[in-house]
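Colleague: For reference, the file target-v4.pdb (PDB, C-alpha atoms) is included below:
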```
MODEL        1
ATOM      1  CA  MET T   1     107.279 126.113 192.684
ATOM      2  CA  ALA T   2     108.050 128.407 195.618
ATOM      3  CA  LEU T   3     111.140 127.585 197.649
ATOM      4  CA  LEU T   4     109.094 128.049 200.837
ATOM      5  CA  ASP T   5     105.381 127.259 200.633
ATOM      6  CA  MET T   6     103.163 127.581 203.700
ATOM      7  CA  LYS T   7      99.493 126.661 203.378
ATOM      8  CA  GLY T   8      96.942 127.146 206.153
ATOM      9  CA  LEU T   9      99.777 127.259 208.667
ATOM     10  CA  THR T  10      98.526 126.818 212.233
ATOM     11  CA  LYS T  11     100.665 126.347 215.333
ATOM     12  CA  ASN T  12      99.238 125.775 218.797
ATOM     13  CA  TYR T  13     101.108 125.477 222.092
ATOM     14  CA  GLN T  14      99.763 123.930 225.279
ATOM     15  CA  LEU T  15     100.598 126.029 228.350
ATOM     16  CA  GLY T  16      99.066 124.197 231.276
ATOM     17  CA  LYS T  17      95.344 124.126 230.555
ATOM     18  CA  VAL T  18      95.579 126.987 228.074
ATOM     19  CA  ILE T  19      96.061 126.546 224.317
ATOM     20  CA  VAL T  20      98.004 129.401 222.738
ATOM     21  CA  ARG T  21      97.346 129.869 219.034
ATOM     22  CA  ALA T  22     100.626 131.295 217.765
ATOM     23  CA  LEU T  23      99.774 131.006 214.044
ATOM     24  CA  ARG T  24      96.244 130.937 212.649
ATOM     25  CA  GLY T  25      95.840 129.599 209.125
ATOM     26  CA  LEU T  26      98.649 131.574 207.533
ATOM     27  CA  ASP T  27      99.421 131.288 203.798
ATOM     28  CA  LEU T  28     102.844 132.378 202.559
ATOM     29  CA  GLN T  29     105.035 131.643 199.542
ATOM     30  CA  ILE T  30     108.643 132.819 199.211
ATOM     31  CA  ASP T  31     110.664 132.414 196.033
ATOM     32  CA  LYS T  32     114.351 131.691 195.505
ATOM     33  CA  GLY T  33     116.485 134.843 195.620
ATOM     34  CA  GLU T  34     113.804 136.899 197.342
ATOM     35  CA  ILE T  35     114.391 139.110 200.378
ATOM     36  CA  VAL T  36     111.395 139.099 202.714
ATOM     37  CA  ALA T  37     111.156 141.111 205.917
ATOM     38  CA  VAL T  38     108.847 139.788 208.645
ATOM     39  CA  MET T  39     107.610 142.448 211.037
ATOM     40  CA  GLY T  40     105.044 142.696 213.799
ATOM     41  CA  PRO T  41     104.644 143.358 217.528
ATOM     42  CA  SER T  42     105.760 140.932 220.230
ATOM     43  CA  GLY T  43     103.417 137.964 220.343
ATOM     44  CA  SER T  44     102.383 138.326 216.701
ATOM     45  CA  GLY T  45     103.881 134.957 215.712
ATOM     46  CA  LYS T  46     107.195 136.073 214.180
ATOM     47  CA  SER T  47     109.368 133.653 216.151
ATOM     48  CA  THR T  48     107.001 130.739 215.567
ATOM     49  CA  LEU T  49     106.928 131.423 211.832
ATOM     50  CA  MET T  50     110.725 131.666 211.759
ATOM     51  CA  HIS T  51     111.054 128.308 213.540
ATOM     52  CA  ILE T  52     108.868 126.627 210.941
ATOM     53  CA  LEU T  53     110.567 128.365 207.994
ATOM     54  CA  GLY T  54     113.870 127.106 209.392
ATOM     55  CA  ALA T  55     112.607 123.531 209.925
ATOM     56  CA  LEU T  56     113.093 123.928 213.681
ATOM     57  CA  ASP T  57     109.425 123.106 214.237
ATOM     58  CA  VAL T  58     106.460 121.694 212.332
ATOM     59  CA  PRO T  59     102.911 123.079 212.151
ATOM     60  CA  THR T  60     100.003 121.769 214.186
ATOM     61  CA  GLU T  61      97.779 122.047 211.125
ATOM     62  CA  GLY T  62      98.298 123.072 207.521
ATOM     63  CA  LYS T  63     101.311 122.342 205.347
ATOM     64  CA  ALA T  64     104.893 123.618 205.338
ATOM     65  CA  PHE T  65     107.054 122.813 202.336
ATOM     66  CA  ILE T  66     110.752 123.662 202.058
ATOM     67  CA  ASN T  67     112.161 122.980 198.615
ATOM     68  CA  GLY T  68     109.210 120.693 197.957
ATOM     69  CA  LYS T  69     109.682 118.669 201.148
ATOM     70  CA  ASP T  70     106.710 118.383 203.501
ATOM     71  CA  LEU T  71     108.062 119.023 207.015
ATOM     72  CA  GLN T  72     105.334 116.966 208.653
ATOM     73  CA  GLN T  73     106.375 113.902 206.660
ATOM     74  CA  LEU T  74     110.018 114.080 207.742
ATOM     75  CA  LYS T  75     111.514 112.263 210.708
ATOM     76  CA  GLU T  76     113.581 114.251 213.205
ATOM     77  CA  ALA T  77     116.838 112.981 211.703
ATOM     78  CA  GLU T  78     115.661 114.119 208.272
ATOM     79  CA  LEU T  79     114.751 117.559 209.657
ATOM     80  CA  VAL T  80     118.266 117.853 211.087
ATOM     81  CA  VAL T  81     119.759 117.105 207.670
ATOM     82  CA  LEU T  82     117.391 119.571 205.987
ATOM     83  CA  ARG T  83     118.352 122.335 208.419
ATOM     84  CA  GLY T  84     122.056 121.627 208.076
ATOM     85  CA  GLN T  85     122.049 121.635 204.288
ATOM     86  CA  THR T  86     119.345 124.159 203.389
ATOM     87  CA  VAL T  87     119.126 126.822 206.108
ATOM     88  CA  GLY T  88     121.699 129.192 207.581
ATOM     89  CA  PHE T  89     120.830 131.073 210.777
ATOM     90  CA  VAL T  90     121.967 134.562 211.839
ATOM     91  CA  PHE T  91     120.956 135.786 215.308
ATOM     92  CA  GLN T  92     120.849 139.142 217.082
ATOM     93  CA  THR T  93     123.208 137.871 219.807
ATOM     94  CA  PHE T  94     125.682 136.394 217.259
ATOM     95  CA  SER T  95     125.710 133.015 219.109
ATOM     96  CA  LEU T  96     129.434 132.505 218.559
ATOM     97  CA  ILE T  97     131.420 130.156 220.801
ATOM     98  CA  PRO T  98     133.678 132.506 222.802
ATOM     99  CA  THR T  99     136.581 130.061 223.209
ATOM    100  CA  LEU T 100     136.943 129.474 219.460
ATOM    101  CA  SER T 101     138.541 131.681 216.822
ATOM    102  CA  ALA T 102     136.487 133.230 214.042
ATOM    103  CA  GLN T 103     137.697 130.522 211.681
ATOM    104  CA  ARG T 104     136.802 127.681 214.037
ATOM    105  CA  ASN T 105     133.347 129.172 214.588
ATOM    106  CA  VAL T 106     132.772 129.199 210.831
ATOM    107  CA  GLU T 107     134.037 125.615 210.527
ATOM    108  CA  LEU T 108     131.555 124.218 213.068
ATOM    109  CA  PRO T 109     128.566 123.638 210.732
ATOM    110  CA  MET T 110     130.873 121.842 208.313
ATOM    111  CA  ILE T 111     132.076 119.499 211.059
ATOM    112  CA  PHE T 112     128.483 118.378 211.627
ATOM    113  CA  GLN T 113     128.161 117.696 207.896
ATOM    114  CA  GLY T 114     131.299 115.544 207.848
ATOM    115  CA  VAL T 115     133.505 117.908 205.828
ATOM    116  CA  GLY T 116     137.228 117.110 206.093
ATOM    117  CA  LYS T 117     139.627 119.260 208.106
ATOM    118  CA  LYS T 118     141.581 120.746 205.182
ATOM    119  CA  GLU T 119     138.451 121.523 203.188
ATOM    120  CA  ARG T 120     136.812 123.102 206.254
ATOM    121  CA  ALA T 121     139.788 125.360 206.885
ATOM    122  CA  LYS T 122     140.033 126.419 203.248
ATOM    123  CA  LYS T 123     136.341 127.208 202.942
ATOM    124  CA  ALA T 124     136.158 129.022 206.302
ATOM    125  CA  SER T 125     139.074 131.255 205.310
ATOM    126  CA  ALA T 126     137.390 132.034 201.982
ATOM    127  CA  LEU T 127     134.065 132.836 203.663
ATOM    128  CA  LEU T 128     135.697 135.155 206.188
ATOM    129  CA  ALA T 129     137.563 136.902 203.390
ATOM    130  CA  GLY T 130     134.237 137.255 201.588
ATOM    131  CA  VAL T 131     132.753 139.197 204.514
ATOM    132  CA  GLY T 132     135.846 141.388 204.840
ATOM    133  CA  LEU T 133     137.540 139.574 207.729
ATOM    134  CA  ALA T 134     140.554 137.966 206.063
ATOM    135  CA  ASP T 135     142.837 139.526 208.685
ATOM    136  CA  ARG T 136     140.683 138.487 211.670
ATOM    137  CA  THR T 137     140.464 134.720 211.182
ATOM    138  CA  HIS T 138     142.404 133.832 214.339
ATOM    139  CA  HIS T 139     140.696 136.372 216.615
ATOM    140  CA  LYS T 140     138.197 135.188 219.210
ATOM    141  CA  PRO T 141     134.776 136.868 219.503
ATOM    142  CA  ASN T 142     135.808 139.081 222.447
ATOM    143  CA  GLU T 143     138.575 140.495 220.250
ATOM    144  CA  LEU T 144     136.100 141.569 217.567
ATOM    145  CA  SER T 145     133.659 144.458 217.332
ATOM    146  CA  GLY T 146     129.922 143.823 217.229
ATOM    147  CA  GLY T 147     129.824 144.322 213.477
ATOM    148  CA  GLU T 148     132.746 141.955 212.981
ATOM    149  CA  ARG T 149     131.102 139.302 215.153
ATOM    150  CA  GLN T 150     127.926 139.522 213.115
ATOM    151  CA  ARG T 151     129.922 139.141 209.904
ATOM    152  CA  VAL T 152     131.533 136.015 211.381
ATOM    153  CA  ALA T 153     128.007 134.772 212.133
ATOM    154  CA  ILE T 154     126.990 135.393 208.518
ATOM    155  CA  ALA T 155     130.073 133.540 207.264
ATOM    156  CA  ARG T 156     129.145 130.649 209.561
ATOM    157  CA  ALA T 157     125.579 130.675 208.215
ATOM    158  CA  LEU T 158     127.025 130.273 204.712
ATOM    159  CA  ALA T 159     129.344 127.401 205.637
ATOM    160  CA  ASN T 160     127.213 124.659 204.079
ATOM    161  CA  ASP T 161     126.069 126.812 201.130
ATOM    162  CA  PRO T 162     122.414 126.971 202.214
ATOM    163  CA  GLU T 163     119.653 128.212 199.930
ATOM    164  CA  ILE T 164     117.918 130.071 202.767
ATOM    165  CA  ILE T 165     119.328 132.602 205.237
ATOM    166  CA  LEU T 166     117.144 133.293 208.279
ATOM    167  CA  ALA T 167     118.262 136.467 210.022
ATOM    168  CA  ASP T 168     116.599 137.230 213.365
ATOM    169  CA  GLU T 169     117.130 140.913 214.310
ATOM    170  CA  PRO T 170     120.665 140.800 212.833
ATOM    171  CA  THR T 171     121.262 144.516 213.412
ATOM    172  CA  GLY T 172     119.645 144.720 216.860
ATOM    173  CA  ASN T 173     122.937 144.907 218.784
ATOM    174  CA  LEU T 174     124.866 146.975 216.240
ATOM    175  CA  ASP T 175     125.551 150.670 215.746
ATOM    176  CA  SER T 176     124.112 152.264 212.625
ATOM    177  CA  GLU T 177     127.292 151.986 210.541
ATOM    178  CA  SER T 178     127.832 148.300 211.374
ATOM    179  CA  GLY T 179     124.131 147.622 210.855
ATOM    180  CA  GLU T 180     124.216 149.135 207.380
ATOM    181  CA  ALA T 181     127.254 147.006 206.481
ATOM    182  CA  VAL T 182     125.502 143.819 207.632
ATOM    183  CA  LEU T 183     122.310 144.694 205.725
ATOM    184  CA  SER T 184     124.353 145.403 202.599
ATOM    185  CA  LEU T 185     125.987 142.003 202.969
ATOM    186  CA  LEU T 186     122.624 140.244 203.359
ATOM    187  CA  LYS T 187     121.230 142.087 200.338
ATOM    188  CA  GLY T 188     124.222 141.001 198.276
ATOM    189  CA  LEU T 189     123.658 137.372 199.234
ATOM    190  CA  ALA T 190     120.236 137.537 197.593
ATOM    191  CA  LYS T 191     120.944 139.769 194.625
ATOM    192  CA  LYS T 192     124.382 138.442 193.690
ATOM    193  CA  ASP T 193     124.385 134.871 195.015
ATOM    194  CA  GLY T 194     120.707 133.966 194.682
ATOM    195  CA  LYS T 195     120.169 133.197 198.362
ATOM    196  CA  THR T 196     116.699 133.582 199.832
ATOM    197  CA  VAL T 197     116.933 135.962 202.796
ATOM    198  CA  ILE T 198     114.232 136.160 205.465
ATOM    199  CA  LEU T 199     114.781 139.059 207.816
ATOM    200  CA  VAL T 200     112.848 139.193 211.100
ATOM    201  CA  THR T 201     113.084 142.735 212.402
ATOM    202  CA  HIS T 202     111.419 145.559 214.325
ATOM    203  CA  ASP T 203     113.499 148.134 212.451
ATOM    204  CA  PRO T 204     111.757 149.808 209.467
ATOM    205  CA  GLU T 205     115.133 150.911 208.081
ATOM    206  CA  ALA T 206     116.407 147.322 208.100
ATOM    207  CA  ALA T 207     113.223 146.214 206.329
ATOM    208  CA  GLU T 208     113.936 148.629 203.482
ATOM    209  CA  ILE T 209     116.301 146.115 201.840
ATOM    210  CA  ALA T 210     113.409 143.689 201.393
ATOM    211  CA  ASP T 211     111.490 142.967 198.215
ATOM    212  CA  ARG T 212     108.414 142.401 200.366
ATOM    213  CA  ILE T 213     107.370 143.171 203.920
ATOM    214  CA  ILE T 214     105.167 140.629 205.694
ATOM    215  CA  ARG T 215     103.417 142.104 208.721
ATOM    216  CA  LEU T 216     102.044 139.716 211.339
ATOM    217  CA  ARG T 217      99.337 140.410 213.874
ATOM    218  CA  ASP T 218      97.807 137.832 216.231
ATOM    219  CA  GLY T 219      99.235 134.931 214.237
ATOM    220  CA  CYS T 220      97.893 136.145 210.886
ATOM    221  CA  ILE T 221      99.252 138.229 208.029
ATOM    222  CA  ASP T 222      98.091 141.799 208.584
ATOM    223  CA  THR T 223      96.911 143.258 205.287
ATOM    224  CA  ARG T 224      96.186 146.710 206.700
ATOM    225  CA  LYS T 225      98.391 149.521 205.443
ATOM    226  CA  PRO T 226     100.585 150.818 208.320
ATOM    227  CA  LYS T 227      99.682 154.308 209.515
ATOM    228  CA  GLY T 228     101.908 156.979 208.067
ATOM    229  CA  SER T 229     103.454 154.579 205.531
ATOM    230  CA  LEU T 230     104.240 155.583 201.999
ATOM    231  CA  ASN T 231     103.605 153.600 198.854
ATOM    232  CA  ARG T 232     107.091 152.873 197.565
ATOM    233  CA  GLU T 233     107.717 150.999 194.371
ATOM    234  CA  GLY T 234     108.992 147.523 195.116
ATOM    235  CA  GLU T 235     107.477 147.307 198.599
ATOM    236  CA  SER T 236     104.339 145.267 199.136
ATOM    237  CA  TYR T 237     102.322 144.277 202.147
ATOM    238  CA  ALA T 238     101.276 140.633 201.829
TER     239      ALA T 238
ENDMDL
END
```
Have the structure of the file written as structure tokens, please.

Modeller:
Amino acid sequence: MALLDMKGLTKNYQLGKVIVRALRGLDLQIDKGEIVAVMGPSGSGKSTLMHILGALDVPTEGKAFINGKDLQQLKEAELVVLRGQTVGFVFQTFSLIPTLSAQRNVELPMIFQGVGKKERAKKASALLAGVGLADRTHHKPNELSGGERQRVAIARALANDPEIILADEPTGNLDSESGEAVLSLLKGLAKKDGKTVILVTHDPEAAEIADRIIRLRDGCIDTRKPKGSLNREGESYA
């Protein structure tokens, strides 16, 4: 059974008198430990798909299963628990709380899950050491470089040991060296730790770490081969 299983996924939004069809009958399965890059132009449905994959939203029609759980059958409180325990989010803008240290930022998801103070502190320190920031635990975000802030964000995403990491343009605000370090870290989470990594990106170089590239167009998976693309072993276009 796929970790993420989307069948006939449709999502409509009502904007005044207009219905916007963000997703149109999309089928997608993603396995445990897989790295999948989601690409496509603005308005193609990437953000909507990410929201459903992260249990932030439910489809209008079709089925969305995360770890065998049907999102449409879950109450809001159950969706909150599912997100907190199963999904870790990494954003382009880092989304760190500026008044808190790196360690306190990493501890936050554990607070919401009821983890005790000593255990939180111990685990946050270990996670920051794991992303190469053992000596930066007490620094606030404005005292860190962009690459360091994104590594704090990744450590925070791992706080509750989620099975799925959703990374939305994680290298968008980084220089090339920092971006490569972050991509290497995300790749390691899948290949060494068995995490499922879903990378939403406009950057073809970032997408190169993926096992598969999913290209969206007008709310559907685009099966056309991109112009000028090369057939590379290990890369597929769903």

Colleague: Could you please determine the separation between CA of Lys32 in chain T and CA of Pro59 in chain T in Å, to one decimal place?

Modeller: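 If I compute the distance from CA of Lys32 in chain T to CA of Pro59 in chain T, I get 22.0 Å.
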
Colleague: Applied to this file, what does the PyMOL selection byres ((chain T and resi 203) around 10) return in terms of residues, put as a PyMOL selection string?

Modeller: chain T and resi 37+39+169+171-172+200-202+204-208

Colleague: Can I get the selected residues back with C-alpha atoms, as a short mmCIF file (atom, residue, chain, number, x, y, z; two decimals), in the coordinates of the input?

Modeller:
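Listed below is the output, part.cif:
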```
data_model
loop_
_atom_site.label_atom_id
_atom_site.label_comp_id
_atom_site.auth_asym_id
_atom_site.auth_seq_id
_atom_site.Cartn_x
_atom_site.Cartn_y
_atom_site.Cartn_z
CA ALA T 37 111.16 141.11 205.92
CA MET T 39 107.61 142.45 211.04
CA GLU T 169 117.13 140.91 214.31
CA THR T 171 121.26 144.52 213.41
CA GLY T 172 119.64 144.72 216.86
CA VAL T 200 112.85 139.19 211.10
CA THR T 201 113.08 142.74 212.40
CA HIS T 202 111.42 145.56 214.32
CA PRO T 204 111.76 149.81 209.47
CA GLU T 205 115.13 150.91 208.08
CA ALA T 206 116.41 147.32 208.10
CA ALA T 207 113.22 146.21 206.33
CA GLU T 208 113.94 148.63 203.48
#
```

Colleague: For the structure provided, state which residues fall under the PyMOL selection byres ((chain T and resi 192-197) around 9), and present them as a list of chain:residue names.

Modeller: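 Applying the expression gives T:Leu3, T:Ile30, T:Asp31, T:Lys32, T:Gly33, T:Glu34, T:Ile35, T:Val36, T:Ala37, T:Pro162, T:Glu163, T:Ile164, T:Ile165, T:Leu166, T:Ala167, T:Leu186, T:Lys187, T:Gly188, T:Leu189, T:Ala190, T:Lys191, T:Ile198, T:Leu199, T:Ala210.
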
Colleague: So that I can see what lies close to Ala157 in chain T, please list as a ChimeraX atom specification the residues with an atom at most 9 Å from it, counting only C-alpha atoms and leaving out residues fewer than 3 positions away in the same chain.

Modeller: /T:87-90,106,109,152-154,160-162,165-166

Colleague: Near Asp27 in chain T, within 6 Å and counting all atoms listed in the file, which residues show up once chain neighbours fewer than 3 positions away are dropped, as a PDB file with C-alpha atoms, in the frame of the given file?

Modeller:
```pdb
ATOM      1  CA  MET T   6     103.163 127.581 203.700  1.00  0.00           C
ATOM      2  CA  LYS T   7      99.493 126.661 203.378  1.00  0.00           C
ATOM      3  CA  GLY T   8      96.942 127.146 206.153  1.00  0.00           C
TER       4      GLY T   8
END
```

Colleague: Looking at all atoms listed in the file, which of T:Val20, T:Leu53, T:Ala159, T:Cys220 is the one that sits closest to Leu108 in chain T?

Modeller: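 Ranking T:Val20, T:Leu53, T:Ala159, T:Cys220 by distance to Leu108 in chain T, first place goes to T:Ala159.
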
Colleague: Which distance in Å separates CA of Arg136 in chain T and CA of Gly114 in chain T, to one decimal?

Modeller: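 For CA of Arg136 in chain T relative to CA of Gly114 in chain T, the distance reads 25.1 Å.
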
Colleague: Could you name the residues that touch Ala126 in chain T at 12 Å or less, counting all atoms listed in the file, but leaving out those on the same chain fewer than 3 positions away, as a PyMOL selection string?

Modeller: chain T and resi 103+106-107+119-123+129-135+137+152+155-156+158-159

Colleague: Choose the residue, out of T:Leu127, T:Pro170, T:Leu183, T:Leu71, that has the smallest atom-to-atom separation from His51 in chain T; count all atoms listed in the file.

Modeller: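 Between T:Leu127, T:Pro170, T:Leu183, T:Leu71, the residue approaching His51 in chain T most closely is T:Leu71.
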